[in-house]
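What follows is the content of protein.csv (CSV, C-alpha atoms).
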```csv
chain,number,residue,atom,x,y,z
A,3,MET,CA,-75.4,44.0,39.5
A,4,ARG,CA,-73.7,46.2,37.0
A,5,MET,CA,-71.9,49.3,38.2
A,6,PRO,CA,-73.0,52.7,37.0
A,7,LEU,CA,-69.4,53.6,36.1
A,8,ARG,CA,-66.3,51.6,35.7
A,9,ILE,CA,-62.8,52.4,34.5
A,10,PHE,CA,-60.8,50.0,32.4
A,11,LYS,CA,-57.4,50.2,30.9
A,12,ALA,CA,-57.2,49.1,27.3
A,13,ALA,CA,-54.5,46.7,26.1
A,14,ASP,CA,-53.4,45.6,22.7
A,15,ARG,CA,-54.3,46.8,19.2
A,16,SER,CA,-57.4,45.2,17.9
A,17,MET,CA,-59.6,48.2,18.5
A,18,GLU,CA,-57.3,50.6,16.7
A,19,PRO,CA,-57.7,53.3,15.6
A,20,ALA,CA,-60.7,54.0,18.0
A,21,ILE,CA,-58.8,52.7,21.0
A,22,LYS,CA,-55.1,52.5,21.5
A,23,GLY,CA,-53.3,50.3,24.0
A,24,GLY,CA,-52.9,52.1,27.3
A,25,GLU,CA,-55.9,54.4,27.0
A,26,TYR,CA,-58.5,54.5,29.7
A,27,LEU,CA,-62.1,53.5,29.1
A,28,ILE,CA,-64.9,54.9,31.1
A,29,ALA,CA,-67.8,52.5,30.8
A,30,THR,CA,-71.3,52.5,32.2
A,31,GLY,CA,-73.1,49.3,33.3
A,32,TRP,CA,-76.4,51.2,33.1
A,33,PHE,CA,-76.6,51.3,29.3
A,34,GLY,CA,-80.2,50.4,28.5
A,35,LYS,CA,-80.5,49.4,24.9
A,36,LEU,CA,-77.4,48.5,23.0
A,37,LYS,CA,-77.1,49.2,19.2
A,38,PRO,CA,-74.6,48.3,16.4
A,39,GLY,CA,-71.6,50.6,16.6
A,40,ASP,CA,-71.5,50.7,20.4
A,41,ILE,CA,-68.2,49.8,22.0
A,42,VAL,CA,-68.6,47.5,24.9
A,43,VAL,CA,-66.4,45.8,27.5
A,44,LEU,CA,-67.5,42.2,27.9
A,45,GLU,CA,-66.4,38.9,29.5
A,46,HIS,CA,-64.6,36.7,27.1
A,47,PRO,CA,-66.8,33.6,26.5
A,48,ALA,CA,-64.0,31.2,27.2
A,49,ARG,CA,-61.5,33.0,29.4
A,50,ARG,CA,-61.8,34.9,32.6
A,51,ILE,CA,-60.8,38.2,31.1
A,52,LYS,CA,-62.5,41.3,29.9
A,53,ILE,CA,-62.3,42.3,26.2
A,54,VAL,CA,-63.3,45.5,24.4
A,55,LYS,CA,-65.1,45.2,21.1
A,56,ARG,CA,-67.6,47.0,18.9
A,57,ILE,CA,-71.1,45.6,18.5
A,58,SER,CA,-71.7,44.6,14.9
A,59,ALA,CA,-75.1,42.9,15.3
A,60,LEU,CA,-77.6,42.0,18.0
A,61,SER,CA,-80.1,39.3,18.4
A,62,ASP,CA,-82.7,38.8,21.2
A,63,ASN,CA,-80.2,37.9,24.0
A,64,SER,CA,-76.8,38.1,22.4
A,65,VAL,CA,-74.4,40.4,20.6
A,66,TYR,CA,-72.0,39.8,17.7
A,67,VAL,CA,-68.8,41.8,18.4
A,68,LEU,CA,-65.9,42.6,16.2
A,69,GLY,CA,-62.6,44.4,16.7
A,70,ASP,CA,-62.1,47.5,14.5
A,71,ASN,CA,-58.6,46.2,13.6
A,72,ARG,CA,-59.8,43.0,12.0
A,73,GLU,CA,-56.4,41.6,11.2
A,74,MET,CA,-55.5,41.6,14.9
A,75,SER,CA,-58.7,40.8,16.5
A,76,GLU,CA,-60.1,37.6,18.0
A,77,ASP,CA,-63.8,38.3,18.1
A,78,SER,CA,-67.3,36.8,17.2
A,79,ARG,CA,-65.8,35.6,14.0
A,80,SER,CA,-64.0,33.0,16.2
A,81,PHE,CA,-66.2,32.6,19.2
A,82,GLY,CA,-69.6,33.5,17.8
A,83,TYR,CA,-72.5,35.4,19.5
A,84,VAL,CA,-71.9,36.3,23.1
A,85,ASP,CA,-74.7,36.4,25.7
A,86,ARG,CA,-75.8,40.0,26.4
A,87,ALA,CA,-75.4,39.3,30.1
A,88,ALA,CA,-71.6,39.1,29.5
A,89,VAL,CA,-71.5,42.8,28.6
A,90,ALA,CA,-70.0,44.6,31.6
A,91,GLY,CA,-70.4,48.1,30.3
A,92,LYS,CA,-70.8,50.4,27.3
A,93,VAL,CA,-67.8,52.6,26.7
A,94,ILE,CA,-68.9,56.3,27.0
A,95,CYS,CA,-65.5,57.9,27.1
A,96,ILE,CA,-62.0,57.1,25.9
A,97,ILE,CA,-59.1,59.0,27.5
B,24,MET,CA,-60.4,70.3,25.0
B,25,ASP,CA,-57.0,68.7,24.5
B,26,LYS,CA,-55.8,70.2,27.8
B,27,ILE,CA,-58.8,68.6,29.6
B,28,ARG,CA,-58.0,65.3,28.0
B,29,ILE,CA,-54.4,65.3,29.0
B,30,THR,CA,-55.3,66.3,32.6
B,31,ALA,CA,-57.9,63.6,32.8
B,32,GLY,CA,-55.4,61.1,31.3
B,33,LYS,CA,-52.8,62.0,33.9
B,34,THR,CA,-55.3,61.8,36.7
B,35,LEU,CA,-56.5,58.4,35.6
B,36,ALA,CA,-52.9,57.2,35.2
B,37,PHE,CA,-52.2,58.3,38.8
B,38,ALA,CA,-55.5,56.7,40.0
B,39,ASP,CA,-54.5,53.5,38.1
B,40,ARG,CA,-51.3,53.2,40.1
B,41,VAL,CA,-53.3,53.1,43.3
B,42,LEU,CA,-56.5,51.4,42.3
B,43,HIS,CA,-55.2,49.1,39.5
B,44,PHE,CA,-58.0,49.4,37.0
B,45,GLU,CA,-59.1,46.1,35.3
B,46,THR,CA,-57.6,45.5,31.9
B,47,ALA,CA,-59.9,45.3,28.9
B,48,TYR,CA,-58.1,43.3,26.3
B,49,ALA,CA,-58.6,44.2,22.7
B,50,HIS,CA,-57.1,40.9,21.6
B,51,CYS,CA,-57.0,37.7,23.6
B,52,ASP,CA,-53.7,36.2,22.4
B,53,ILE,CA,-50.5,37.9,21.6
B,54,PRO,CA,-51.4,39.0,18.1
B,55,CYS,CA,-48.2,37.6,16.6
B,56,GLY,CA,-49.9,36.7,13.3
B,57,ILE,CA,-47.4,33.9,12.8
B,58,TYR,CA,-49.1,30.8,11.6
B,59,ASP,CA,-47.8,28.0,9.5
B,60,PRO,CA,-48.9,24.4,8.9
B,61,HIS,CA,-45.3,23.3,8.5
B,62,ALA,CA,-45.0,21.8,12.0
B,63,ALA,CA,-48.2,19.8,11.5
B,64,GLN,CA,-46.8,18.4,8.3
B,65,LEU,CA,-43.5,17.4,9.9
B,66,ALA,CA,-45.4,15.8,12.7
B,67,ALA,CA,-47.6,13.8,10.2
B,68,HIS,CA,-44.5,12.6,8.4
B,69,THR,CA,-43.1,11.5,11.7
B,70,VAL,CA,-46.2,9.4,12.4
B,71,VAL,CA,-45.8,7.7,9.0
B,72,ARG,CA,-42.1,7.1,9.7
B,73,MET,CA,-42.8,5.6,13.1
B,74,ASP,CA,-45.3,3.1,11.6
B,75,MET,CA,-42.6,2.2,9.1
B,76,LEU,CA,-40.1,1.6,11.8
B,77,ILE,CA,-42.6,-0.4,13.9
B,78,ALA,CA,-43.2,-2.6,10.8
B,79,ASP,CA,-39.5,-3.1,10.4
B,80,VAL,CA,-39.1,-4.3,14.0
B,81,MET,CA,-42.0,-6.6,13.7
B,82,LYS,CA,-40.5,-8.2,10.6
B,83,GLY,CA,-37.9,-9.6,12.9
B,84,GLY,CA,-40.4,-10.9,15.4
B,85,GLY,CA,-40.3,-7.9,17.8
B,86,SER,CA,-40.0,-10.0,20.9
B,87,SER,CA,-36.4,-9.4,22.0
B,88,VAL,CA,-35.7,-6.9,24.7
B,89,GLU,CA,-34.0,-4.7,22.2
B,90,ASP,CA,-37.0,-4.8,19.9
B,91,ARG,CA,-39.4,-4.1,22.7
B,92,ASN,CA,-37.4,-1.1,23.7
B,93,LYS,CA,-37.5,0.2,20.1
B,94,LEU,CA,-41.2,-0.4,19.8
B,95,ILE,CA,-41.9,1.5,23.0
B,96,ARG,CA,-39.8,4.4,21.8
B,97,TYR,CA,-41.5,4.4,18.3
B,98,VAL,CA,-45.0,4.3,19.8
B,99,LYS,CA,-44.2,7.1,22.2
B,100,VAL,CA,-42.9,9.3,19.4
B,101,LYS,CA,-45.9,8.4,17.2
B,102,GLU,CA,-48.3,9.3,20.0
B,103,GLU,CA,-46.5,12.6,20.7
B,104,HIS,CA,-46.4,13.7,17.0
B,105,ALA,CA,-50.0,12.8,16.3
B,106,GLU,CA,-50.8,15.1,19.3
B,107,ILE,CA,-48.6,17.8,17.8
B,108,CYS,CA,-50.6,17.5,14.6
B,109,LYS,CA,-53.8,18.0,16.5
B,110,HIS,CA,-52.5,20.9,18.4
B,111,GLU,CA,-51.0,22.8,15.4
B,112,ILE,CA,-54.1,22.3,13.3
B,113,THR,CA,-56.4,23.3,16.2
B,114,VAL,CA,-54.4,26.5,16.8
B,115,ILE,CA,-54.4,27.6,13.1
B,116,TRP,CA,-58.1,26.7,12.8
B,117,GLY,CA,-59.2,28.3,16.0
B,118,ASP,CA,-57.0,31.3,16.2
B,119,TYR,CA,-56.2,32.2,12.6
B,120,MET,CA,-59.1,30.9,10.5
B,121,LYS,CA,-62.3,32.9,10.4
B,122,PRO,CA,-65.8,32.1,9.1
B,123,GLU,CA,-65.0,33.9,5.8
B,124,HIS,CA,-62.3,31.3,5.2
B,125,ALA,CA,-64.8,28.5,5.7
B,126,LYS,CA,-67.1,30.4,3.3
B,127,GLU,CA,-64.5,30.5,0.6
B,128,ASN,CA,-63.6,26.8,1.3
B,129,PRO,CA,-66.8,25.0,2.3
B,130,GLU,CA,-64.9,21.8,3.0
B,131,LEU,CA,-62.6,23.4,5.5
B,132,ASN,CA,-64.4,22.6,8.7
B,133,GLU,CA,-65.0,19.0,7.7
B,134,LEU,CA,-61.4,18.7,6.7
B,135,VAL,CA,-60.2,19.9,10.1
B,136,TRP,CA,-62.7,17.6,11.9
B,137,ASN,CA,-61.6,14.6,9.8
B,138,THR,CA,-57.9,15.4,10.4
B,139,LEU,CA,-58.3,15.5,14.1
B,140,LYS,CA,-60.2,12.2,14.0
B,141,LEU,CA,-57.4,10.7,11.8
B,142,ALA,CA,-54.8,11.8,14.3
B,143,GLY,CA,-56.6,9.9,17.0
B,144,LYS,CA,-56.9,6.9,14.8
B,145,ALA,CA,-53.2,7.0,13.9
B,146,LYS,CA,-52.4,6.9,17.6
B,147,GLN,CA,-54.6,3.9,18.2
B,148,SER,CA,-53.2,1.9,15.2
B,149,THR,CA,-49.9,0.9,13.7
B,150,ASP,CA,-51.4,0.5,10.3
B,151,ILE,CA,-49.5,2.7,7.9
B,152,LYS,CA,-52.7,3.3,5.9
B,153,ASP,CA,-54.0,5.3,8.9
B,154,ALA,CA,-50.8,7.4,9.1
B,155,ASP,CA,-50.9,8.0,5.4
B,156,ALA,CA,-54.6,9.1,5.6
B,157,LEU,CA,-53.5,11.6,8.4
B,158,LEU,CA,-50.6,12.9,6.3
B,159,GLU,CA,-52.9,13.3,3.2
B,160,ASN,CA,-55.4,15.4,5.2
B,161,VAL,CA,-52.6,17.5,6.8
B,162,GLN,CA,-51.3,18.2,3.3
B,163,ARG,CA,-54.8,19.3,2.2
B,164,PHE,CA,-55.0,21.4,5.3
B,165,ALA,CA,-51.7,23.1,4.4
B,166,GLU,CA,-53.0,23.8,0.9
B,167,ALA,CA,-56.2,25.2,2.3
B,168,PHE,CA,-54.2,27.4,4.7
B,169,TRP,CA,-51.9,28.9,2.0
B,170,LYS,CA,-55.0,29.5,-0.2
B,171,THR,CA,-56.3,31.8,2.5
B,172,LYS,CA,-53.1,33.8,2.1
B,173,LYS,CA,-53.5,33.8,-1.7
B,174,VAL,CA,-50.2,31.9,-1.9
B,175,GLN,CA,-49.8,29.1,-4.4
B,176,THR,CA,-48.5,25.8,-3.3
B,177,VAL,CA,-46.5,23.0,-4.8
B,178,ARG,CA,-46.6,19.3,-3.7
B,179,VAL,CA,-43.3,17.7,-4.2
B,180,LYS,CA,-41.6,14.5,-3.0
B,181,SER,CA,-40.0,15.1,0.4
B,182,TYR,CA,-36.4,14.4,1.2
B,183,TYR,CA,-37.5,12.4,4.3
B,184,PRO,CA,-37.2,8.6,4.6
B,185,THR,CA,-41.0,8.5,4.5
B,186,GLU,CA,-40.7,9.2,0.7
B,187,ARG,CA,-44.0,10.9,0.8
B,188,THR,CA,-44.9,14.3,-0.6
B,189,PHE,CA,-44.7,17.7,1.1
B,190,VAL,CA,-46.8,20.8,0.4
B,191,TYR,CA,-44.7,24.0,0.2
B,192,PRO,CA,-45.8,27.5,-0.4
B,193,LYS,CA,-44.5,29.1,-3.6
B,194,ILE,CA,-43.2,32.3,-1.9
```
Can you present the structure in this file as structure tokens?
Amino acid sequence: MRMPLRIFKAADRSMEPAIKGGEYLIATGWFGKLKPGDIVVLEHPARRIKIVKRISALSDNSVYVLGDNREMSEDSRSFGYVDRAAVAGKVICII
Amino acid sequence: MDKIRITAGKTLAFADRVLHFETAYAHCDIPCGIYDPHAAQLAAHTVVRMDMLIADVMKGGGSSVEDRNKLIRYVKVKEEHAEICKHEITVIWGDYMKPEHAKENPELNELVWNTLKLAGKAKQSTDIKDADALLENVQRFAEAFWKTKKVQTVRVKSYYPTERTFVYPKI
């Protein structure tokens, strides 16, 4: 079950300039419909870590995510579409 | 507004010290950006060289204890360097290369796939033709890599005892 609110700490640079390393992300697990442009925290498809990316495209049950800083991002260009169930939360506030 | 932000940030930083918020990684590896096919090329040359040395030993029969010792060492090094080839190419392909690179070079994915297969074949065999096929594919991969960087390459005769060529970037 997804939590209504979760706080994450951002690391690294692939979401710059929107998110800088060390900033806090408040994310909601009760996000309803997702749309391109939404920033989400999701499970990495191959590793047991959370990643933060921006949704670029959606299909029925999956999302295509990209880092804003393309040169420094490992994202759907490498690992393809990710199951929508892997999305832990939609970022609603960056502090 | 900025004051609220700063206060919220400080509060969260304090809470983080106690609660240890989960990290959301923006990138999943260290984004060092350092990729180079050079190590794969060196490894492929080593595989060729090991097959040459194995052939030399076998010319003399290869049955003495000395020869057997040499053979075991050469096969071990050949095995290790074919694996280095696979590792280096896999890392560049998986971590650095993106779908747009495959779009620009439609043969890229097949080239990688064939190269990994050839590395396996070069391990199984002591036929120098297999090692040469691996080396040729690795050279082509090096050319494809530098092309993604818009860097021209030159293929020249190497100074190694393999006397095969080597692809260098023209930087």
Spatial neighbours of stretch 113-115 of chain B, max dist 8 Å, all atoms listed in the file, sep filter under 4 positions, as a PyMOL selection string: chain B and resi 58-60+109+119-120+135
Counting only C-alpha atoms, figure out which residue out of B:Gln162, B:Ser181, B:Thr149, B:Thr188 gets nearest to B:Asp74.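 Under the stated criterion, the closest residue is B:Thr149.
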Which value, in Å to one decimal, gives the distance between atom CA of B:Cys108 and atom CA of B:Ala63?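 We find that atom CA of B:Cys108 and atom CA of B:Ala63 lie 4.5 Å from each other.
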Using all atoms listed in the file, pick whichever of A:Leu27, A:Arg79, A:Ile21, A:Arg15 has the shortest atom-to-atom distance to B:Ala31. A:Leu27
Pull the closest atom pair for each residue of chain A that gets at most 10 Å from chain B, along with the distance in Å to one decimal, counting all atoms listed in the file, ordering rows by chain and then ascending residue number, as CSV.
```
residue,atom,partner,partner_atom,distance
A:Arg8,CA,B:Phe44,CA,8.7
A:Ile9,CA,B:Phe44,CA,6.2
A:Phe10,CA,B:Glu45,CA,5.1
A:Lys11,CA,B:Thr46,CA,4.8
A:Ala12,CA,B:Ala47,CA,4.9
A:Ala13,CA,B:Tyr48,CA,5.0
A:Asp14,CA,B:Ala49,CA,5.4
A:Arg15,CA,B:Ala49,CA,6.1
A:Ser16,CA,B:Ala49,CA,5.0
A:Met17,CA,B:Ala49,CA,5.9
A:Glu18,CA,B:Ala49,CA,8.9
A:Ile21,CA,B:Ala49,CA,8.7
A:Lys22,CA,B:Ala49,CA,9.1
A:Gly23,CA,B:Ala49,CA,8.2
A:Gly24,CA,B:Thr46,CA,9.3
A:Glu25,CA,B:Gly32,CA,8.0
A:Tyr26,CA,B:Leu35,CA,7.3
A:Leu27,CA,B:Ala47,CA,8.5
A:Val42,CA,B:Ala47,CA,9.8
A:Val43,CA,B:Ala47,CA,6.7
A:Leu44,CA,B:Ala47,CA,8.3
A:Glu45,CA,B:Ala47,CA,9.1
A:His46,CA,B:Cys51,CA,8.4
A:Arg49,CA,B:Cys51,CA,8.7
A:Ile51,CA,B:Ala47,CA,7.5
A:Lys52,CA,B:Ala47,CA,4.9
A:Ile53,CA,B:Tyr48,CA,4.3
A:Val54,CA,B:Ala49,CA,5.2
A:Lys55,CA,B:Ala49,CA,6.8
A:Leu68,CA,B:Ala49,CA,9.9
A:Gly69,CA,B:Ala49,CA,7.2
A:Asp70,CA,B:Ala49,CA,9.5
A:Asn71,CA,B:Ala49,CA,9.3
A:Glu73,CA,B:Gly56,CA,8.4
A:Met74,CA,B:Pro54,CA,5.8
A:Ser75,CA,B:His50,CA,5.3
A:Glu76,CA,B:His50,CA,5.7
A:Asp77,CA,B:His50,CA,8.0
A:Ser78,CA,B:Lys121,CA,9.3
A:Arg79,CA,B:Lys121,CA,5.7
A:Ser80,CA,B:Lys121,CA,6.0
A:Phe81,CA,B:Gly117,CA,8.8
A:Gly82,CA,B:Pro122,CA,9.6
A:Ile96,CA,B:Arg28,CA,9.4
A:Ile97,CA,B:Gly32,CA,5.7
```
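One distance worth recording is that between atom CA of B:Ala66 and atom CA of B:His104, which is 4.9 Å.
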May I ask for the distance between atom CA of B:Met75 and atom CA of B:Ile151, given in Å to one decimal place?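 Value for the atom CA of B:Met75-atom CA of B:Ile151 distance: 7.0 Å.
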If you count all atoms listed in the file, the residue of B:Leu131, B:Val98, B:Ala165, B:Met73 closest to B:Pro184 turns out to be B:Met73
From the options A:Ala90, A:Ile28, A:Met5, A:Val67, which residue's atoms come nearest to A:Asp40, counting only C-alpha atoms?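 Checking each of A:Ala90, A:Ile28, A:Met5, A:Val67 against A:Asp40, counting only C-alpha atoms, the winner is A:Val67.
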Where atoms are absent from stretch 130-148 of chain B, fill them in so it carries N, CA and C atoms, then output it as a short mmCIF file (atom, residue, chain, number, x, y, z; two decimals), keeping the file's coordinate frame.
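This went into result.cif:
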```cif
data_model
loop_
_atom_site.label_atom_id
_atom_site.label_comp_id
_atom_site.auth_asym_id
_atom_site.auth_seq_id
_atom_site.Cartn_x
_atom_site.Cartn_y
_atom_site.Cartn_z
N GLU B 130 -65.29 23.08 2.42
CA GLU B 130 -64.90 21.80 3.00
C GLU B 130 -63.93 21.95 4.18
N LEU B 131 -63.59 23.19 4.49
CA LEU B 131 -62.60 23.40 5.50
C LEU B 131 -62.88 22.82 6.86
N ASN B 132 -64.05 23.13 7.40
CA ASN B 132 -64.40 22.60 8.70
C ASN B 132 -64.41 21.12 8.81
N GLU B 133 -64.95 20.50 7.77
CA GLU B 133 -65.00 19.00 7.70
C GLU B 133 -63.59 18.45 7.62
N LEU B 134 -62.76 19.15 6.84
CA LEU B 134 -61.40 18.70 6.70
C LEU B 134 -60.66 18.71 8.03
N VAL B 135 -60.84 19.77 8.80
CA VAL B 135 -60.20 19.90 10.10
C VAL B 135 -60.74 18.76 11.03
N TRP B 136 -62.04 18.62 11.03
CA TRP B 136 -62.70 17.60 11.90
C TRP B 136 -62.14 16.22 11.55
N ASN B 137 -62.10 15.90 10.26
CA ASN B 137 -61.60 14.60 9.80
C ASN B 137 -60.12 14.40 10.20
N THR B 138 -59.35 15.48 10.06
CA THR B 138 -57.90 15.40 10.40
C THR B 138 -57.70 15.09 11.83
N LEU B 139 -58.47 15.76 12.69
CA LEU B 139 -58.30 15.50 14.10
C LEU B 139 -58.70 14.06 14.46
N LYS B 140 -59.75 13.57 13.81
CA LYS B 140 -60.20 12.20 14.00
C LYS B 140 -59.06 11.22 13.54
N LEU B 141 -58.48 11.54 12.38
CA LEU B 141 -57.40 10.70 11.80
C LEU B 141 -56.20 10.65 12.71
N ALA B 142 -55.91 11.79 13.35
CA ALA B 142 -54.80 11.80 14.30
C ALA B 142 -55.02 10.88 15.43
N GLY B 143 -56.25 10.85 15.90
CA GLY B 143 -56.60 9.90 17.00
C GLY B 143 -56.47 8.47 16.52
N LYS B 144 -56.93 8.23 15.30
CA LYS B 144 -56.90 6.90 14.80
C LYS B 144 -55.41 6.42 14.57
N ALA B 145 -54.58 7.36 14.10
CA ALA B 145 -53.20 7.00 13.90
C ALA B 145 -52.46 6.71 15.21
N LYS B 146 -52.96 7.29 16.29
CA LYS B 146 -52.40 6.90 17.60
C LYS B 146 -52.78 5.51 17.99
N GLN B 147 -54.05 5.18 17.73
CA GLN B 147 -54.60 3.90 18.20
C GLN B 147 -53.96 2.72 17.36
N SER B 148 -53.59 3.03 16.10
CA SER B 148 -53.20 1.90 15.20
C SER B 148 -51.74 2.00 14.80
#
```
